[in-house]
Each structure stands twice: as C-alpha cells, then as structure tokens.
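Here is structure-v5.txt, consisting of compact mmCIF, C-alpha atoms:
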# COMPACT_ATOMS: atom_id res chain seq x y z
CA MET M 1 -45.66 -8.62 -24.04
CA LYS M 2 -47.62 -5.76 -22.57
CA ALA M 3 -46.23 -6.74 -19.21
CA VAL M 4 -42.70 -6.57 -20.56
CA ILE M 5 -43.24 -3.09 -21.96
CA ALA M 6 -44.94 -1.99 -18.75
CA LEU M 7 -42.09 -3.42 -16.69
CA SER M 8 -39.52 -1.59 -18.74
CA LEU M 9 -41.46 1.69 -18.53
CA VAL M 10 -41.80 1.36 -14.79
CA THR M 11 -38.10 0.60 -14.56
CA ALA M 12 -37.14 3.54 -16.77
CA ALA M 13 -39.28 5.85 -14.68
CA LEU M 14 -37.74 4.55 -11.50
CA ALA M 15 -34.22 4.74 -12.87
CA ALA M 16 -34.43 8.51 -13.06
CA PRO M 17 -34.20 9.44 -9.42
CA THR M 18 -35.54 12.76 -8.36
CA LYS M 19 -33.48 15.07 -6.26
CA THR M 20 -35.59 14.24 -3.24
CA VAL M 21 -34.96 10.55 -3.60
CA GLU M 22 -31.22 11.06 -4.17
CA SER M 23 -30.87 13.11 -1.03
CA ARG M 24 -32.50 10.33 0.93
CA GLN M 25 -30.20 7.70 -0.43
CA LEU M 26 -28.60 5.79 2.39
CA PRO M 27 -24.85 5.48 2.59
CA GLY M 28 -23.58 2.09 1.61
CA LEU M 29 -26.77 1.07 -0.06
CA GLY M 30 -25.70 3.11 -3.06
CA GLY M 31 -22.71 0.84 -3.53
CA SER M 32 -22.17 -1.38 -6.52
CA GLY M 33 -24.04 -4.57 -6.85
CA SER M 34 -24.74 -6.95 -9.65
CA SER M 35 -27.57 -4.72 -10.80
CA THR M 36 -27.22 -1.90 -13.25
CA GLY M 37 -28.13 1.61 -12.23
CA GLY M 38 -29.65 2.56 -8.93
CA GLY M 39 -33.22 3.13 -9.97
CA LEU M 40 -35.13 0.78 -7.81
CA GLY M 41 -32.33 0.62 -5.28
CA SER M 42 -32.43 4.33 -4.60
CA LEU M 43 -36.09 4.02 -3.78
CA ALA M 44 -35.17 1.51 -1.10
CA SER M 45 -35.12 4.41 1.31
CA LEU M 46 -38.87 4.70 0.92
CA PHE M 47 -39.50 1.35 2.49
CA PRO M 48 -39.84 0.53 6.17
CA ILE M 49 -36.87 -1.70 6.67
CA PRO M 50 -34.11 0.23 4.92
CA THR M 51 -35.18 3.55 6.39
CA THR M 52 -34.56 2.29 9.90
CA LEU M 53 -30.95 1.58 9.09
CA SER M 54 -29.80 5.10 9.77
CA GLY M 55 -32.08 5.42 12.77
CA GLY M 56 -30.97 6.34 16.18
CA LEU M 57 -29.09 3.26 17.23
CA PRO M 58 -25.93 4.51 18.87
CA GLY M 59 -22.69 3.19 17.49
CA LEU M 60 -24.38 1.58 14.54
CA SER M 61 -24.03 4.39 12.08
CA ASN M 62 -21.82 2.19 9.95
CA LEU M 63 -24.47 -0.45 9.61
CA PRO M 64 -25.56 0.47 6.07
CA ASN M 65 -22.02 0.01 4.88
CA LEU M 66 -21.91 -3.46 6.31
CA LEU M 67 -25.17 -4.57 4.85
CA GLY M 68 -24.38 -3.13 1.46
CA GLY M 69 -20.91 -4.52 1.34
CA GLY M 70 -21.64 -7.87 -0.21
CA GLY M 71 -22.19 -6.71 -3.74
CA GLY M 72 -23.65 -8.95 -6.36
CA GLY M 73 -20.99 -11.50 -6.93
CA GLY M 74 -21.22 -13.10 -3.54
CA SER M 75 -19.89 -11.43 -0.46
CA GLU M 76 -16.26 -10.53 -0.54
CA GLY M 77 -16.25 -10.08 3.21
CA LEU M 78 -17.47 -7.10 5.09
CA PRO M 79 -15.69 -3.79 4.68
CA GLU M 80 -13.42 -2.72 7.45
CA LEU M 81 -15.18 -1.03 10.29
CA SER M 82 -14.29 2.54 10.96
CA SER M 83 -14.60 1.74 14.63
CA PRO M 84 -18.01 2.37 16.03
CA LEU M 85 -16.77 0.02 18.69
CA GLY M 86 -13.56 1.88 19.30
CA GLY M 87 -10.34 0.28 18.28
CA GLY M 88 -7.70 2.80 18.86
CA SER M 89 -5.58 0.16 20.52
CA GLY M 90 -3.02 -2.23 19.21
CA GLY M 91 -1.90 -3.37 15.82
CA SER M 92 -1.96 -7.09 15.30
CA SER M 93 -5.02 -7.77 17.37
CA LEU M 94 -7.05 -5.06 15.64
CA SER M 95 -8.17 -7.09 12.63
CA SER M 96 -9.36 -10.02 14.69
CA ARG M 97 -11.13 -7.63 17.02
CA SER M 98 -12.78 -5.89 14.09
CA ASP M 99 -13.87 -9.28 12.70
CA GLU M 100 -15.57 -9.96 16.00
CA ALA M 101 -17.04 -6.49 16.01
CA THR M 102 -18.26 -6.97 12.46
CA LYS M 103 -19.99 -10.18 13.37
CA ALA M 104 -21.53 -8.55 16.41
CA ILE M 105 -22.95 -5.72 14.35
CA VAL M 106 -24.33 -8.00 11.67
CA GLU M 107 -25.93 -10.17 14.36
CA THR M 108 -27.42 -7.11 16.00
CA ALA M 109 -28.82 -6.05 12.66
CA LYS M 110 -30.38 -9.45 12.23
CA ARG M 111 -31.90 -9.31 15.68
CA ALA M 112 -33.19 -5.85 14.98
CA GLY M 113 -34.98 -7.34 12.00
CA LEU M 114 -32.88 -5.75 9.29
CA GLY M 115 -32.36 -8.20 6.47
CA SER M 116 -29.29 -8.10 4.31
CA ILE M 117 -29.41 -7.34 0.61
CA THR M 118 -26.85 -10.06 -0.01
CA GLU M 119 -27.19 -13.63 1.23
CA ASN M 120 -25.09 -16.60 0.19
CA ASP M 121 -25.84 -19.39 2.66
CA VAL M 122 -26.05 -22.02 -0.08
CA ALA M 123 -23.07 -20.89 -2.16
CA SER M 124 -20.92 -20.69 0.94
CA ASN M 125 -22.29 -23.97 2.33
CA LYS M 126 -22.90 -22.21 5.57
CA GLY M 127 -24.66 -25.09 7.27
CA CYS M 128 -27.84 -27.07 6.85
CA LYS M 129 -31.12 -25.63 8.02
CA GLU M 130 -34.62 -27.08 7.90
CA LEU M 131 -35.66 -24.53 5.32
CA THR M 132 -33.70 -23.11 2.42
CA PHE M 133 -35.04 -19.94 0.87
CA ILE M 134 -33.72 -18.96 -2.57
CA PHE M 135 -34.83 -15.61 -3.92
CA ALA M 136 -34.56 -13.76 -7.25
CA ARG M 137 -34.77 -9.99 -6.94
CA GLY M 138 -36.42 -7.46 -9.25
CA THR M 139 -35.01 -5.34 -12.02
CA THR M 140 -32.19 -3.01 -10.90
CA GLU M 141 -32.47 -4.13 -7.27
CA MET M 142 -29.18 -4.27 -5.41
CA GLY M 143 -27.14 -7.04 -3.87
CA ASN M 144 -28.54 -10.46 -4.70
CA MET M 145 -31.65 -10.18 -2.51
CA GLY M 146 -32.70 -6.67 -3.49
CA SER M 147 -34.36 -4.57 -0.83
CA VAL M 148 -38.09 -4.37 -1.55
CA VAL M 149 -39.15 -7.97 -0.92
CA GLY M 150 -36.19 -10.27 -0.36
CA PRO M 151 -34.78 -9.16 2.98
CA PRO M 152 -38.11 -8.66 4.79
CA LEU M 153 -39.31 -12.02 3.54
CA ALA M 154 -36.13 -13.72 4.73
CA GLN M 155 -36.42 -12.03 8.10
CA ASN M 156 -40.01 -13.10 8.50
CA LEU M 157 -39.13 -16.69 7.62
CA ASN M 158 -36.43 -16.68 10.26
CA SER M 159 -38.62 -15.25 12.96
CA LEU M 160 -41.45 -17.68 12.14
CA THR M 161 -39.16 -20.69 12.33
CA GLY M 162 -36.78 -19.57 15.06
CA ASN M 163 -33.87 -18.98 12.67
CA LYS M 164 -34.08 -22.27 10.85
CA VAL M 165 -33.64 -20.78 7.39
CA ALA M 166 -30.68 -20.74 5.03
CA VAL M 167 -31.02 -17.77 2.69
CA GLN M 168 -29.58 -17.43 -0.79
CA GLY M 169 -30.09 -14.70 -3.37
CA VAL M 170 -29.66 -15.43 -7.07
CA ASP M 171 -26.75 -13.59 -8.64
CA TYR M 172 -28.06 -12.57 -12.03
CA PRO M 173 -27.89 -9.23 -13.87
CA ALA M 174 -31.52 -8.16 -13.21
CA SER M 175 -31.00 -5.58 -15.88
CA ALA M 176 -33.70 -3.57 -17.56
CA GLU M 177 -33.27 -4.79 -21.05
CA VAL M 178 -35.69 -3.87 -23.70
CA ARG M 179 -33.83 -3.87 -26.92
CA LEU M 180 -35.14 -1.21 -29.23
CA PRO M 181 -36.27 -1.33 -31.92
CA LEU M 182 -38.45 -4.27 -31.02
CA PRO M 183 -38.08 -7.20 -33.34
CA PRO M 184 -40.86 -7.28 -35.96
CA SER M 185 -42.28 -10.56 -34.62
CA LEU M 186 -42.99 -8.94 -31.25
CA ILE M 187 -44.55 -5.85 -32.76
CA SER M 188 -46.91 -7.83 -34.92
CA ALA M 189 -47.81 -10.08 -31.99
CA ARG M 190 -49.26 -7.15 -30.02
CA PRO M 191 -52.65 -8.16 -28.57
CA MET F 1 -35.55 -12.40 -22.72
CA LEU F 2 -36.03 -10.90 -19.28
CA GLY F 3 -35.39 -13.34 -16.50
CA ALA F 4 -33.67 -15.83 -18.74
CA ALA F 5 -30.23 -15.15 -17.28
CA GLY F 6 -31.16 -16.17 -13.77
CA GLY F 7 -33.14 -19.34 -14.41
CA PRO F 8 -30.27 -21.80 -14.81
CA LYS F 9 -28.47 -20.13 -11.92
CA MET F 10 -31.43 -20.48 -9.60
CA ALA F 11 -32.00 -24.09 -10.63
CA SER F 12 -28.39 -24.95 -9.90
CA LEU F 13 -28.62 -23.28 -6.49
CA VAL F 14 -31.61 -25.48 -5.69
CA GLN F 15 -29.64 -28.56 -6.71
CA GLN F 16 -26.64 -27.42 -4.71
CA ALA F 17 -28.76 -26.85 -1.62
CA LEU F 18 -30.28 -30.33 -1.88
CA LYS F 19 -26.89 -31.91 -2.46
CA GLN F 20 -25.33 -30.15 0.51
CA CYS F 21 -28.37 -30.57 2.76
CA PRO F 22 -30.46 -33.53 1.60
CA LYS F 23 -33.08 -33.06 4.31
CA THR F 24 -33.72 -29.38 3.75
CA LYS F 25 -36.94 -28.09 2.24
CA VAL F 26 -36.28 -25.61 -0.55
CA VAL F 27 -38.68 -22.76 -1.17
CA LEU F 28 -38.40 -20.10 -3.84
CA GLY F 29 -39.30 -16.46 -4.10
CA GLY F 30 -39.17 -13.98 -6.95
CA TYR F 31 -40.07 -10.35 -7.42
CA SER F 32 -40.89 -8.84 -10.80
CA GLN F 33 -38.25 -10.00 -13.26
CA GLY F 34 -37.15 -12.33 -10.46
CA ALA F 35 -40.53 -14.01 -10.63
CA MET F 36 -39.80 -14.86 -14.24
CA VAL F 37 -36.51 -16.32 -13.05
CA VAL F 38 -38.44 -18.58 -10.69
CA HIS F 39 -40.67 -19.87 -13.49
CA ASN F 40 -37.63 -20.43 -15.67
CA ALA F 41 -35.76 -22.27 -12.92
CA ALA F 42 -38.72 -24.39 -11.90
CA ASN F 43 -39.15 -25.61 -15.45
CA LYS F 44 -35.69 -27.15 -15.19
CA LEU F 45 -36.29 -28.92 -11.90
CA GLU F 46 -37.85 -32.23 -10.97
CA ALA F 47 -41.07 -32.60 -9.04
CA GLY F 48 -40.44 -32.63 -5.32
CA GLN F 49 -37.28 -30.54 -5.42
CA ILE F 50 -39.18 -27.39 -4.45
CA SER F 51 -41.63 -27.31 -1.57
CA GLY F 52 -43.23 -23.95 -2.26
CA ALA F 53 -42.93 -20.69 -4.17
CA VAL F 54 -44.11 -17.11 -3.76
CA LEU F 55 -44.17 -14.67 -6.68
CA PHE F 56 -44.58 -10.90 -6.44
CA GLY F 57 -45.58 -8.72 -9.37
CA ASP F 58 -45.16 -11.68 -11.67
CA PRO F 59 -45.50 -11.01 -15.41
CA LEU F 60 -46.05 -14.76 -15.85
CA LYS F 61 -48.71 -14.97 -13.17
CA ALA F 62 -50.94 -17.26 -15.21
CA GLN F 63 -48.26 -19.92 -15.63
CA ALA F 64 -47.61 -22.79 -13.30
CA VAL F 65 -44.32 -22.91 -11.43
CA GLY F 66 -42.68 -25.92 -13.04
CA LYS F 67 -44.24 -29.11 -11.73
CA LEU F 68 -45.12 -27.55 -8.39
CA ASP F 69 -48.73 -28.03 -7.33
CA LYS F 70 -50.86 -24.87 -7.46
CA SER F 71 -51.61 -25.20 -3.77
CA LYS F 72 -47.89 -24.72 -3.07
CA THR F 73 -47.53 -21.52 -5.03
CA LYS F 74 -48.85 -18.08 -4.18
CA GLU F 75 -48.99 -15.09 -6.47
CA PHE F 76 -49.04 -11.58 -5.07
CA CYS F 77 -50.32 -9.07 -7.60
CA ALA F 78 -51.22 -5.66 -6.25
CA LEU F 79 -54.27 -3.89 -7.58
CA GLY F 80 -53.27 -1.65 -10.45
CA ASP F 81 -49.84 -3.21 -10.95
CA PRO F 82 -49.15 -2.99 -14.71
CA VAL F 83 -46.54 -5.71 -14.53
CA CYS F 84 -48.79 -8.54 -13.35
CA GLU F 85 -52.18 -7.28 -14.45
CA ASN F 86 -53.54 -4.63 -16.78
CA GLY F 87 -53.20 -1.85 -14.27
CA PHE F 88 -51.87 1.67 -14.68
CA ASN F 89 -50.34 2.28 -11.28
CA GLY F 90 -46.61 1.70 -11.50
CA MET F 91 -46.21 2.45 -7.82
CA ALA F 92 -48.36 -0.56 -6.98
CA HIS F 93 -45.47 -2.67 -8.22
CA LEU F 94 -43.37 -1.40 -5.32
CA THR F 95 -45.67 -2.33 -2.45
CA TYR F 96 -44.82 -5.97 -1.96
CA GLY F 97 -42.61 -5.49 1.06
CA GLY F 98 -45.83 -5.28 3.01
CA LYS F 99 -46.65 -8.84 2.01
CA ALA F 100 -43.52 -10.30 3.53
CA GLU F 101 -45.20 -11.72 6.61
CA GLU F 102 -48.07 -13.31 4.72
CA ALA F 103 -45.68 -14.78 2.15
CA ALA F 104 -43.45 -16.18 4.88
CA GLN F 105 -46.41 -17.83 6.60
CA PHE F 106 -47.44 -19.37 3.29
CA LEU F 107 -43.98 -20.79 2.63
CA VAL F 108 -43.59 -22.21 6.13
CA GLN F 109 -46.92 -23.99 5.75
CA ALA F 110 -46.18 -25.17 2.22
CA ALA F 111 -42.90 -26.66 3.40
CA GLY F 112 -44.69 -28.42 6.25
CA LEU F 113 -42.70 -26.69 8.95
CA SER F 114 -45.57 -25.12 10.86
Step by step, read the file and then write its structure as structure tokens.
Amino acid sequence: MKAVIALSLVTAALAAPTKTVESRQLPGLGGSGSSTGGGLGSLASLFPIPTTLSGGLPGLSNLPNLLGGGGGGGSEGLPELSSPLGGGSGGSSLSSRSDEATKAIVETAKRAGLGSITENDVASNKGCKELTFIFARGTTEMGNMGSVVGPPLAQNLNSLTGNKVAVQGVDYPASAEVRLPLPPSLISARP
Amino acid sequence: MLGAAGGPKMASLVQQALKQCPKTKVVLGGYSQGAMVVHNAANKLEAGQISGAVLFGDPLKAQAVGKLDKSKTKEFCALGDPVCENGFNGMAHLTYGGKAEEAAQFLVQAAGLS
C-alpha cells in the first residue's frame, strides 16, 4: 500500500515537468503513446540513450520522429521522412524509396545502439528468434517499451546474442491511477 | 488496481509467442507498474512457459513470479527507491537504465542461451 502511494507521489512529481526539462524534450518523443501525460517520458532526455538521438549524426536529425512514431497501439508504420536522404526526384518511385530510406535509418539506429520505444515483433509475427523478450513499461512511459529500461535492455539482449531476440512491449495504459478518496478498507489497512 | 490492466495482455503475448515460435525461449521484464504487470501475467501462465524474468523498482518485490523458480528471476531495487523499498529518494526509481547490461546477461543465462 505504501508502495502504491509512493509510486503515485513519484509519478505526480514527475508529471509536472519543469521548464528546464520541457526545453530539453526531444522532438518526436513527445508524441502520443498509449501512456497518459508526459511526466516520465519527458524525463527521457535525462538518460544516456535518448539524449544521443539528437546528437551529431549527419542526416539523422529526423531519427527521433521515426523512433517515436509507433505510438502505443502497435506501430502504424513510420511517419514519412522529410528527406534527410534527399528525395527531390520523381513521383511514383518516391514512396518506395522513402520506405527503403526509412528502413535504412531504423537499422542504423539499431546498430548505433538506440532502442525503439515501440516494439511489436510478437504481435506482428515478425519471425522466430531464439529468445523472445516481452516487456511492460512503467507508469506514464511512452510507446509500449518506455524509454528508461525497456529499449536499453532490448539492445543489450540483442548485442549479447548477436541479434537473436524478438522484442515485444505490452500495450497497456500504464496510467497513474490513484483514485481519491481512498476506499475505507485501504485506509484502515495502513501498516 | 495498478498493473491489473496489463497482466492478461502480457500473458496472451507469451502464449502467442510460444504458439508462433514453439522453440523460442520467452523472458519477461517489467519496470515499476510494469513489474506488477509481470507478476500478474505470470500468475496466469503455466510452469515452463517463461524462462526468466527481471523486475525493476518492483512494488511486489517479495512475491514470486508465478511458478518461475527464484533462481530465474532477478529483482533490481535501487537504494532509497520508495517504490520497491522503504526509501525516500524518488529519483532512485529512475536509475534502472544503468542496469540494462546486467539484466540482459541474467536473462541470457536464465534462458540457457549463453
């Protein structure tokens, strides 16, 4: 019980982002996910892996948008690239070229060790791997993997096994729900 | 109750994974409320369906993970974390990204892949 109250207090504190944190919020990671609010998500910028997303990799400035594009309800496909890889040419071939470009960027991100906040290898029946990693994120975390633990853990599993891991996040609300007033039975059960 | 929404969902993902890929080893992870989801899911699963589990900042740290043997589960609870122990340092609850490598090594071993 104490843990539940503590969890909700921590969450409430985190859900009130300071100006400093807001200004560090990465583009794309602030998008909608299956979580409510951006409390913990906006603090993602404090952690090693997300902060490297907007680092100095040329042509990859759109990366955060790609990684944040899945949302909570399973990935709806990656958002259209606004051409870090060029693409001023042609009409009909552009979408297939941008699909290829999208895949290339996501693969580069994976090789650079940047895990995605949304993974659906099981739901999409992507292909059998020796290991299947299913992860449930924390309160208010974004995507279905969150950003604090899920993606780095998935990345580590892949590098330890030589990419033999299917990764799946659990799509659930992860909301900070403490219904007040507390029901009498919980109040009287206080240790 | 926190975590209740995800339990059935996680359990069904485990079952789906095993149905689609009968030879795969399934391992679970959960952070904070997600750790409660793992406990909830594991209680719905049969022995042998999960090969290992790692929990971070787990409010239900003292509980077993379904029928999974204790040697196949690892709890990460940072010093001072009020969510998994009686600490007063809320920020401690945010440090688990640094445990990713250790947790991955544990899971790979638990699943017998190393």
Item to check | d(CA of Gly6 (chain F), CA of Val83 (chain F)) in Å | outcome: 18.6 Å
At most 6 Å to chain F: residues in chain M, only C-alpha atoms, as a compact mmCIF listing (two decimals) with C-alpha atoms, keeping the file's coordinate frame:
# COMPACT_ATOMS: atom_id res chain seq x y z
CA ALA M 3 -46.23 -6.74 -19.21
CA ALA M 6 -44.94 -1.99 -18.75
CA LEU M 7 -42.09 -3.42 -16.69
CA VAL M 10 -41.80 1.36 -14.79
CA VAL M 122 -26.05 -22.02 -0.08
CA CYS M 128 -27.84 -27.07 6.85
CA GLU M 130 -34.62 -27.08 7.90
CA LEU M 131 -35.66 -24.53 5.32
CA THR M 132 -33.70 -23.11 2.42
CA PHE M 133 -35.04 -19.94 0.87
CA ILE M 134 -33.72 -18.96 -2.57
CA PHE M 135 -34.83 -15.61 -3.92
CA ALA M 136 -34.56 -13.76 -7.25
CA ARG M 137 -34.77 -9.99 -6.94
CA GLY M 138 -36.42 -7.46 -9.25
CA THR M 139 -35.01 -5.34 -12.02
CA VAL M 148 -38.09 -4.37 -1.55
CA VAL M 149 -39.15 -7.97 -0.92
CA PRO M 152 -38.11 -8.66 4.79
CA LEU M 153 -39.31 -12.02 3.54
CA ASN M 156 -40.01 -13.10 8.50
CA LEU M 157 -39.13 -16.69 7.62
CA VAL M 170 -29.66 -15.43 -7.07
CA TYR M 172 -28.06 -12.57 -12.03
Checklist entry - Quick one: distance from CA of Gly115 (chain M) to CA of Ala174 (chain M) in Å, one decimal? => result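 Answer for the CA of Gly115 (chain M) to CA of Ala174 (chain M) separation: 19.7 Å.
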Item to check | d(CA of Ser124 (chain M), CA of Gln109 (chain F)) in Å | outcome: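 So the answer is 26.6 Å.
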Checklist entry - For Lys44 (chain F), which residue among F:Ser12, F:Gln63, F:Leu79, F:Lys72 is the nearest when counting only C-alpha atoms? => result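 Ranked by minimum distance to Lys44 (chain F), first place goes to F:Ser12.
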Could you give me the axis-aligned bounding box of region 78-89 of chain F, with 6 Å of padding per side, as centre plus edge lengths in Å to one decimal, as AutoDock Vina command-line options?
--center_x -50.4 --center_y -3.1 --center_z -11.5 --size_x 19.7 --size_y 22.8 --size_z 22.5
Next on the checklist: My list of candidates is M:Gln155, M:Thr161, M:Gln168, M:Ser175. Which is closest to Thr118 (chain M) when distances are computed with only C-alpha atoms?
Outcome noted: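 Closest to Thr118 (chain M), using only C-alpha atoms: M:Gln168.
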